[in-house]
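Enquirer: Got a structure for you, model_9.tsv, holding TSV, C-alpha atoms.
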chain	number	residue	atom	x	y	z
A	5	MET	CA	0.00	0.00	0.00
A	6	SER	CA	1.40	3.44	-0.94
A	7	MET	CA	2.09	5.95	1.81
A	8	PRO	CA	-0.63	8.63	2.29
A	9	THR	CA	0.70	11.85	0.82
A	10	LEU	CA	0.28	15.58	1.40
A	11	TYR	CA	0.05	17.16	-2.06
A	12	LEU	CA	0.86	20.87	-2.37
A	13	ILE	CA	-1.49	22.08	-5.11
A	14	PRO	CA	-1.00	25.47	-6.78
A	15	VAL	CA	-4.13	27.28	-7.93
A	16	PRO	CA	-4.62	30.05	-10.51
A	17	LEU	CA	-3.65	33.60	-9.54
A	18	GLY	CA	-7.09	34.91	-10.45
A	19	PRO	CA	-10.32	34.05	-12.29
A	20	GLY	CA	-10.01	31.76	-15.27
A	21	GLU	CA	-9.86	28.15	-16.37
A	22	PRO	CA	-7.43	26.05	-14.28
A	23	GLU	CA	-6.21	24.13	-17.34
A	24	VAL	CA	-4.69	27.35	-18.72
A	25	VAL	CA	-2.03	27.44	-15.97
A	26	LEU	CA	-2.03	23.93	-14.47
A	27	PRO	CA	-0.59	20.86	-16.25
A	28	PRO	CA	-2.87	17.85	-16.82
A	29	PRO	CA	-1.09	15.67	-14.18
A	30	VAL	CA	-1.87	18.30	-11.52
A	31	LEU	CA	-5.53	18.40	-12.49
A	32	GLU	CA	-5.62	14.60	-12.49
A	33	ARG	CA	-4.27	14.60	-8.95
A	34	VAL	CA	-6.93	17.12	-7.88
A	35	HIS	CA	-9.59	14.88	-9.43
A	36	SER	CA	-8.45	11.95	-7.31
A	37	LEU	CA	-8.52	13.68	-3.91
A	38	THR	CA	-11.41	13.84	-1.47
A	39	HIS	CA	-9.70	15.57	1.49
A	40	PHE	CA	-8.30	19.11	1.39
A	41	VAL	CA	-6.86	21.75	3.69
A	42	VAL	CA	-7.61	25.17	2.22
A	43	GLU	CA	-6.96	28.80	3.06
A	44	ASN	CA	-10.48	29.88	2.14
A	45	ALA	CA	-13.31	27.39	1.72
A	46	LYS	CA	-15.38	29.55	-0.64
A	47	SER	CA	-12.57	30.21	-3.13
A	48	ALA	CA	-11.36	26.60	-2.81
A	49	ARG	CA	-14.80	25.28	-3.77
A	50	ALA	CA	-14.82	27.57	-6.82
A	51	PHE	CA	-11.42	26.23	-7.89
A	52	LEU	CA	-12.39	22.60	-7.25
A	53	LYS	CA	-15.61	23.00	-9.20
A	54	ALA	CA	-13.68	24.37	-12.17
A	55	ALA	CA	-10.92	21.75	-11.89
A	56	GLY	CA	-13.24	18.78	-11.42
A	57	THR	CA	-13.33	16.39	-8.46
A	58	ALA	CA	-13.81	12.70	-7.73
A	59	LEU	CA	-16.94	13.38	-5.67
A	60	PRO	CA	-19.63	16.08	-5.71
A	61	LEU	CA	-18.42	19.21	-3.93
A	62	GLN	CA	-20.75	18.69	-0.98
A	63	GLU	CA	-19.15	15.30	-0.32
A	64	LEU	CA	-15.57	16.58	-0.18
A	65	HIS	CA	-13.84	17.13	3.16
A	66	LEU	CA	-12.51	20.71	3.43
A	67	ALA	CA	-10.77	22.10	6.51
A	68	GLU	CA	-9.56	25.70	6.69
A	69	LEU	CA	-6.03	26.83	7.56
A	70	ASN	CA	-5.43	30.57	7.57
A	71	GLU	CA	-3.76	33.28	9.65
A	72	HIS	CA	-6.36	32.77	12.40
A	73	THR	CA	-5.69	29.04	12.83
A	74	ARG	CA	-4.17	28.21	16.21
A	75	ALA	CA	-0.97	26.18	16.31
A	76	ALA	CA	-2.75	23.71	18.59
A	77	ASP	CA	-5.24	22.96	15.80
A	78	LEU	CA	-2.68	21.96	13.17
A	79	GLU	CA	-2.41	18.36	14.36
A	80	HIS	CA	-6.12	17.83	13.71
A	81	LEU	CA	-5.69	18.97	10.10
A	82	LEU	CA	-3.36	16.03	9.44
A	83	GLU	CA	-5.94	13.50	10.61
A	84	PRO	CA	-6.85	12.41	7.03
A	85	LEU	CA	-3.21	11.34	6.47
A	86	ARG	CA	-3.22	9.32	9.67
A	87	ALA	CA	-6.49	7.71	8.53
A	88	GLY	CA	-4.90	6.62	5.24
A	89	HIS	CA	-6.21	9.35	2.92
A	90	ASP	CA	-4.13	11.49	0.57
A	91	LEU	CA	-4.53	15.19	1.42
A	92	GLY	CA	-4.40	18.28	-0.80
A	93	LEU	CA	-3.19	21.67	0.49
A	94	LEU	CA	-4.54	24.75	-1.34
A	95	SER	CA	-3.61	28.39	-0.95
A	96	GLU	CA	-6.12	31.04	-1.96
A	97	ALA	CA	-3.93	31.83	-4.99
A	98	GLY	CA	-0.63	30.56	-6.31
A	99	CYS	CA	1.64	28.11	-4.55
A	100	PRO	CA	0.75	26.82	-1.09
A	101	ALA	CA	3.28	27.23	1.72
A	102	VAL	CA	5.00	30.20	-0.02
A	103	ALA	CA	4.03	33.46	1.71
A	104	ASP	CA	1.17	31.35	3.02
A	105	PRO	CA	0.14	29.83	6.38
A	106	GLY	CA	0.23	26.37	4.80
A	107	ALA	CA	3.96	26.29	5.51
A	108	ASN	CA	3.15	25.44	9.14
A	109	LEU	CA	1.20	22.37	8.08
A	110	VAL	CA	3.97	21.23	5.75
A	111	ALA	CA	6.51	21.53	8.58
A	112	LEU	CA	4.29	19.47	10.87
A	113	ALA	CA	3.77	16.83	8.18
A	114	GLN	CA	7.52	16.61	7.61
A	115	ARG	CA	8.21	16.19	11.32
A	116	ALA	CA	5.58	13.45	11.52
A	117	GLY	CA	7.26	11.55	8.68
A	118	HIS	CA	4.49	11.99	6.11
A	119	ARG	CA	5.31	12.12	2.41
A	120	VAL	CA	5.05	15.66	0.99
A	121	VAL	CA	4.86	16.26	-2.78
A	122	PRO	CA	4.91	19.76	-4.36
A	123	LEU	CA	3.04	20.05	-7.66
A	124	VAL	CA	3.75	22.39	-10.58
A	125	GLY	CA	1.80	25.62	-10.94
A	126	PRO	CA	1.97	29.42	-11.06
A	127	SER	CA	4.10	31.36	-8.58
A	128	SER	CA	3.66	35.11	-8.90
A	129	LEU	CA	7.05	35.68	-7.27
A	130	LEU	CA	9.02	33.60	-9.76
A	131	LEU	CA	6.99	34.82	-12.72
A	132	ALA	CA	7.69	38.42	-11.72
A	133	LEU	CA	11.40	37.70	-11.31
A	134	MET	CA	11.56	35.91	-14.66
A	135	ALA	CA	10.03	38.88	-16.48
A	136	SER	CA	11.86	41.62	-14.56
A	137	GLY	CA	15.29	41.48	-16.16
A	138	LEU	CA	16.76	41.88	-12.67
A	139	ASN	CA	19.25	39.53	-11.02
A	140	GLY	CA	17.78	36.03	-11.07
A	141	GLN	CA	20.94	34.46	-9.59
A	142	CYS	CA	20.65	36.20	-6.23
A	143	PHE	CA	17.30	37.32	-4.84
A	144	ALA	CA	15.26	37.47	-1.64
A	145	PHE	CA	11.54	37.61	-0.91
A	146	HIS	CA	10.43	39.72	2.05
A	147	GLY	CA	6.65	39.31	2.10
A	148	TYR	CA	4.69	42.38	3.14
A	149	LEU	CA	6.47	45.61	4.05
A	150	PRO	CA	5.26	47.60	7.09
A	151	ALA	CA	2.01	49.50	6.59
A	152	LYS	CA	3.10	52.57	8.59
A	153	GLU	CA	4.85	55.11	6.38
A	154	THR	CA	7.88	55.73	8.61
A	155	GLU	CA	8.49	51.99	9.05
A	156	ARG	CA	7.95	51.35	5.35
A	157	ILE	CA	10.50	54.02	4.39
A	158	LYS	CA	13.07	52.48	6.72
A	159	ALA	CA	12.37	49.01	5.30
A	160	LEU	CA	12.81	50.28	1.73
A	161	ARG	CA	16.09	51.96	2.58
A	162	ASP	CA	17.34	48.79	4.25
A	163	LEU	CA	16.32	46.63	1.27
A	164	GLU	CA	17.94	49.02	-1.20
A	165	GLY	CA	21.13	49.01	0.84
A	166	GLU	CA	21.17	45.21	0.97
A	167	SER	CA	20.51	45.05	-2.77
A	168	ARG	CA	23.45	47.35	-3.45
A	169	ARG	CA	25.83	45.44	-1.19
A	170	ARG	CA	24.95	41.99	-2.52
A	171	ARG	CA	23.71	42.82	-6.05
A	172	GLN	CA	20.56	41.07	-4.86
A	173	THR	CA	17.05	41.50	-6.25
A	174	GLN	CA	14.62	42.35	-3.48
A	175	ILE	CA	11.04	41.09	-3.92
A	176	PHE	CA	8.03	42.16	-1.85
A	177	ILE	CA	4.25	42.52	-2.00
A	178	GLU	CA	1.51	44.61	-0.48
A	179	THR	CA	-2.20	44.37	0.25
A	180	PRO	CA	-3.72	45.42	-3.10
A	181	TYR	CA	-5.48	48.52	-1.79
A	182	ARG	CA	-2.12	49.87	-0.55
A	183	ASN	CA	-0.20	49.18	-3.76
A	184	ALA	CA	-0.27	52.78	-4.96
A	185	ALA	CA	1.04	54.05	-1.63
A	186	LEU	CA	3.86	51.52	-1.70
A	187	PHE	CA	4.85	52.44	-5.26
A	188	SER	CA	4.86	56.12	-4.34
A	189	GLY	CA	7.03	55.31	-1.33
A	190	ILE	CA	9.53	53.47	-3.53
A	191	LEU	CA	9.92	56.49	-5.80
A	192	GLN	CA	10.28	58.85	-2.86
A	193	THR	CA	12.79	56.69	-0.99
A	194	CYS	CA	15.03	54.86	-3.47
A	195	GLN	CA	17.93	56.29	-5.46
A	196	PRO	CA	17.32	57.48	-9.06
A	197	SER	CA	19.43	54.66	-10.53
A	198	THR	CA	17.67	51.84	-8.65
A	199	ARG	CA	15.70	49.62	-11.03
A	200	VAL	CA	12.09	48.92	-10.06
A	201	THR	CA	9.83	46.26	-11.53
A	202	VAL	CA	6.06	46.38	-11.13
A	203	ALA	CA	4.37	43.08	-12.10
A	204	THR	CA	0.56	43.15	-12.01
A	205	ASP	CA	-2.18	40.59	-12.74
A	206	LEU	CA	0.31	37.89	-13.68
A	207	THR	CA	-1.19	35.12	-15.90
A	208	LEU	CA	-4.43	37.15	-16.15
A	209	PRO	CA	-5.80	39.07	-19.17
A	210	GLY	CA	-4.65	42.43	-17.75
A	211	GLU	CA	-1.08	41.29	-17.07
A	212	THR	CA	1.58	44.00	-17.15
A	213	VAL	CA	5.28	43.84	-16.22
A	214	CYS	CA	7.45	46.94	-16.48
A	215	THR	CA	11.00	47.65	-15.28
A	216	CYS	CA	12.41	51.17	-15.13
A	217	THR	CA	14.84	53.09	-12.97
A	218	VAL	CA	13.34	55.31	-10.30
A	219	ALA	CA	14.28	58.33	-12.41
A	220	GLU	CA	12.49	56.85	-15.44
A	221	TRP	CA	9.40	55.94	-13.41
A	222	LYS	CA	9.13	59.54	-12.21
A	223	LYS	CA	8.75	60.69	-15.82
A	224	LYS	CA	5.95	58.20	-16.54
A	225	ALA	CA	2.33	57.99	-15.52
A	226	PRO	CA	2.11	55.79	-12.41
A	227	PRO	CA	1.14	52.17	-13.09
A	228	ASP	CA	-2.46	51.11	-12.49
A	229	VAL	CA	-1.91	48.87	-9.47
A	230	GLU	CA	-4.69	49.88	-7.12
A	231	ARG	CA	-6.63	46.82	-5.90
A	232	ARG	CA	-4.80	44.57	-8.37
A	233	PRO	CA	-2.45	41.77	-7.23
A	234	THR	CA	1.07	43.14	-7.75
A	235	VAL	CA	4.63	42.05	-7.07
A	236	PHE	CA	7.35	44.70	-6.59
A	237	LEU	CA	11.05	44.11	-7.22
A	238	ILE	CA	14.05	46.41	-6.84
A	239	LEU	CA	17.73	46.12	-7.75
A	240	ALA	CA	20.13	48.88	-6.72
Rewrite the structure from the file as structure tokens, please.
Expert:
Amino acid sequence: MSMPTLYLIPVPLGPGEPEVVLPPPVLERVHSLTHFVVENAKSARAFLKAAGTALPLQELHLAELNEHTRAADLEHLLEPLRAGHDLGLLSEAGCPAVADPGANLVALAQRAGHRVVPLVGPSSLLLALMASGLNGQCFAFHGYLPAKETERIKALRDLEGESRRRRQTQIFIETPYRNAALFSGILQTCQPSTRVTVATDLTLPGETVCTCTVAEWKKKAPPDVERRPTVFLILA
């Protein structure tokens, strides 16, 4: 008998048909599963309906894991594995366990000796880096920068300094409704020669990726990033 497995299943970065961004073997694996841990049950059901499942949606077992999940509750989420069922882990968008609370479940599964298999799918971070023209040999992802302006300015200065010292691409994101404020902060804080990439709506019909120096960005109309999923990259 094969060992029950935790499958890490990427999902599309926005509305659309899953088969556009997910290979057939990934969709076949989704079809075969009946137990899932998901970041958001509503969006997970929409994805599973579009991808197709072995059972009707109402017969699937979905448990939520998000930023509100207590550490003490993680063990319970692995119960399907202990009962002999394969388990799928879904983020709300993109790759699970990357900038995602699912990483805690993966760590627990690893410690418990369960088999963990990552599946192929879209990662906004890597897609943005690929299209940026910045240094793809040395890079770091920093998640969300501070929301407070003074703390955000300090963080940007620190990241720019680290980028200059190590020739390292710095990657970060923001809550979509604060994207415009973050972009403005980058232009106000970083040096004119620092290159800045703004990658928006990756894999979606409105996808745009543009890299300019700070000085060049200041001469252009600001990018339309408000309330749109965006990845920011800088290289000093």
Enquirer: Any idea what's packed within 9 Å of Glu79 in chain A, counting all atoms listed in the file, ignoring anything in its chain fewer than 6 positions away? Could you give it as an NGL selection string?
Expert: :A and (109 or 112-113)
Enquirer: Measure the distance from CA of Pro19 in chain A to CA of Thr204 in chain A in Å and round it to one decimal.
Expert: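 CA of Thr204 in chain A lies 14.2 Å from CA of Pro19 in chain A.
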Enquirer: Measuring between all atoms listed in the file, which one of A:Ala111, A:Leu208, A:Leu12, A:Cys194 shows the shortest distance to Ala240 in chain A?
Expert: A:Cys194
Enquirer: Could you tell me how far CA of Ala103 in chain A sits from CA of His72 in chain A, in Å to one decimal place?
Expert: 14.9 Å
Enquirer: What is the distance between CA of Leu93 in chain A and CA of Leu10 in chain A, in Å to one decimal?
Expert: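 So the two atoms, CA of Leu93 in chain A and CA of Leu10 in chain A, lie 7.1 Å apart.
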Enquirer: What's around Leu26 in chain A at 12 Å? Count all atoms listed in the file, leave out sequence neighbours fewer than 3 positions away in its own chain, and write the answer as a list in words.
Expert: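 Listing them by chain and then by number gives Ile13, Pro14, Val15, Pro16, Leu17, Gly20, Glu21, Pro22, Glu23, Pro29, Val30, Leu31, Glu32, Arg33, Val34, Phe51, Ala54, Ala55, Gly98, Cys99, Leu123, Val124, Gly125, Pro126, Ser127 and Thr207 of chain A.
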Enquirer: Take range 228-239 of chain A, bring it up to all heavy atoms, and give me the output as a short mmCIF file (atom, residue, chain, number, x, y, z; two decimals), in the coordinates of the input.
Expert:
data_model
loop_
_atom_site.label_atom_id
_atom_site.label_comp_id
_atom_site.auth_asym_id
_atom_site.auth_seq_id
_atom_site.Cartn_x
_atom_site.Cartn_y
_atom_site.Cartn_z
N ASP A 228 -1.13 51.37 -13.06
CA ASP A 228 -2.46 51.11 -12.49
C ASP A 228 -2.38 49.85 -11.64
O ASP A 228 -2.56 48.74 -12.14
CB ASP A 228 -3.48 50.95 -13.62
CG ASP A 228 -4.88 50.66 -13.09
OD1 ASP A 228 -5.11 50.86 -11.88
OD2 ASP A 228 -5.73 50.21 -13.89
N VAL A 229 -2.10 50.03 -10.36
CA VAL A 229 -1.91 48.87 -9.47
C VAL A 229 -2.94 48.82 -8.35
O VAL A 229 -2.97 47.85 -7.59
CB VAL A 229 -0.50 48.89 -8.84
CG1 VAL A 229 0.56 48.71 -9.91
CG2 VAL A 229 -0.25 50.19 -8.06
N GLU A 230 -3.77 49.83 -8.25
CA GLU A 230 -4.69 49.88 -7.12
C GLU A 230 -5.68 48.72 -7.16
O GLU A 230 -6.35 48.49 -8.18
CB GLU A 230 -5.44 51.21 -7.11
CG GLU A 230 -6.14 51.53 -5.80
CD GLU A 230 -5.18 51.76 -4.63
OE1 GLU A 230 -3.96 51.75 -4.84
OE2 GLU A 230 -5.67 51.95 -3.51
N ARG A 231 -5.72 47.96 -6.06
CA ARG A 231 -6.63 46.82 -5.90
C ARG A 231 -6.39 45.73 -6.95
O ARG A 231 -7.31 44.98 -7.29
CB ARG A 231 -8.09 47.29 -5.90
CG ARG A 231 -8.39 48.27 -4.78
CD ARG A 231 -9.86 48.58 -4.63
NE ARG A 231 -10.09 49.57 -3.59
CZ ARG A 231 -10.15 49.29 -2.29
NH1 ARG A 231 -10.03 48.05 -1.88
NH2 ARG A 231 -10.35 50.24 -1.40
N ARG A 232 -5.18 45.64 -7.45
CA ARG A 232 -4.80 44.57 -8.37
C ARG A 232 -3.60 43.83 -7.79
O ARG A 232 -2.66 44.48 -7.30
CB ARG A 232 -4.46 45.13 -9.75
CG ARG A 232 -5.61 45.86 -10.43
CD ARG A 232 -5.15 46.63 -11.65
NE ARG A 232 -4.70 45.74 -12.72
CZ ARG A 232 -4.01 46.17 -13.78
NH1 ARG A 232 -3.69 47.45 -13.89
NH2 ARG A 232 -3.64 45.30 -14.71
N PRO A 233 -3.59 42.50 -7.81
CA PRO A 233 -2.45 41.77 -7.23
C PRO A 233 -1.16 42.15 -7.95
O PRO A 233 -1.06 42.02 -9.18
CB PRO A 233 -2.82 40.31 -7.43
CG PRO A 233 -3.87 40.30 -8.48
CD PRO A 233 -4.60 41.59 -8.36
N THR A 234 -0.16 42.59 -7.18
CA THR A 234 1.07 43.14 -7.75
C THR A 234 2.28 42.66 -6.96
O THR A 234 2.22 42.56 -5.74
CB THR A 234 1.02 44.68 -7.76
OG1 THR A 234 -0.10 45.12 -8.56
CG2 THR A 234 2.29 45.28 -8.33
N VAL A 235 3.35 42.38 -7.68
CA VAL A 235 4.63 42.05 -7.07
C VAL A 235 5.60 43.18 -7.41
O VAL A 235 5.66 43.62 -8.57
CB VAL A 235 5.19 40.71 -7.58
CG1 VAL A 235 6.52 40.39 -6.92
CG2 VAL A 235 4.18 39.59 -7.32
N PHE A 236 6.36 43.65 -6.40
CA PHE A 236 7.35 44.70 -6.59
C PHE A 236 8.74 44.11 -6.43
O PHE A 236 8.99 43.29 -5.56
CB PHE A 236 7.14 45.82 -5.57
CG PHE A 236 5.81 46.51 -5.65
CD1 PHE A 236 4.72 46.05 -4.93
CD2 PHE A 236 5.63 47.62 -6.47
CE1 PHE A 236 3.48 46.67 -5.02
CE2 PHE A 236 4.41 48.26 -6.55
CZ PHE A 236 3.33 47.79 -5.83
N LEU A 237 9.67 44.55 -7.29
CA LEU A 237 11.05 44.11 -7.22
C LEU A 237 11.96 45.32 -7.39
O LEU A 237 11.65 46.22 -8.18
CB LEU A 237 11.38 43.08 -8.31
CG LEU A 237 10.47 41.86 -8.45
CD1 LEU A 237 9.29 42.14 -9.37
CD2 LEU A 237 11.25 40.66 -8.97
N ILE A 238 13.07 45.34 -6.67
CA ILE A 238 14.05 46.41 -6.84
C ILE A 238 15.45 45.81 -6.92
O ILE A 238 15.73 44.75 -6.35
CB ILE A 238 14.01 47.46 -5.71
CG1 ILE A 238 14.40 46.84 -4.37
CG2 ILE A 238 12.63 48.13 -5.63
CD1 ILE A 238 14.58 47.88 -3.26
N LEU A 239 16.32 46.49 -7.67
CA LEU A 239 17.73 46.12 -7.75
C LEU A 239 18.53 47.40 -7.82
O LEU A 239 18.43 48.16 -8.78
CB LEU A 239 18.01 45.24 -8.97
CG LEU A 239 19.47 44.79 -9.14
CD1 LEU A 239 19.90 43.92 -7.96
CD2 LEU A 239 19.65 44.06 -10.46
#
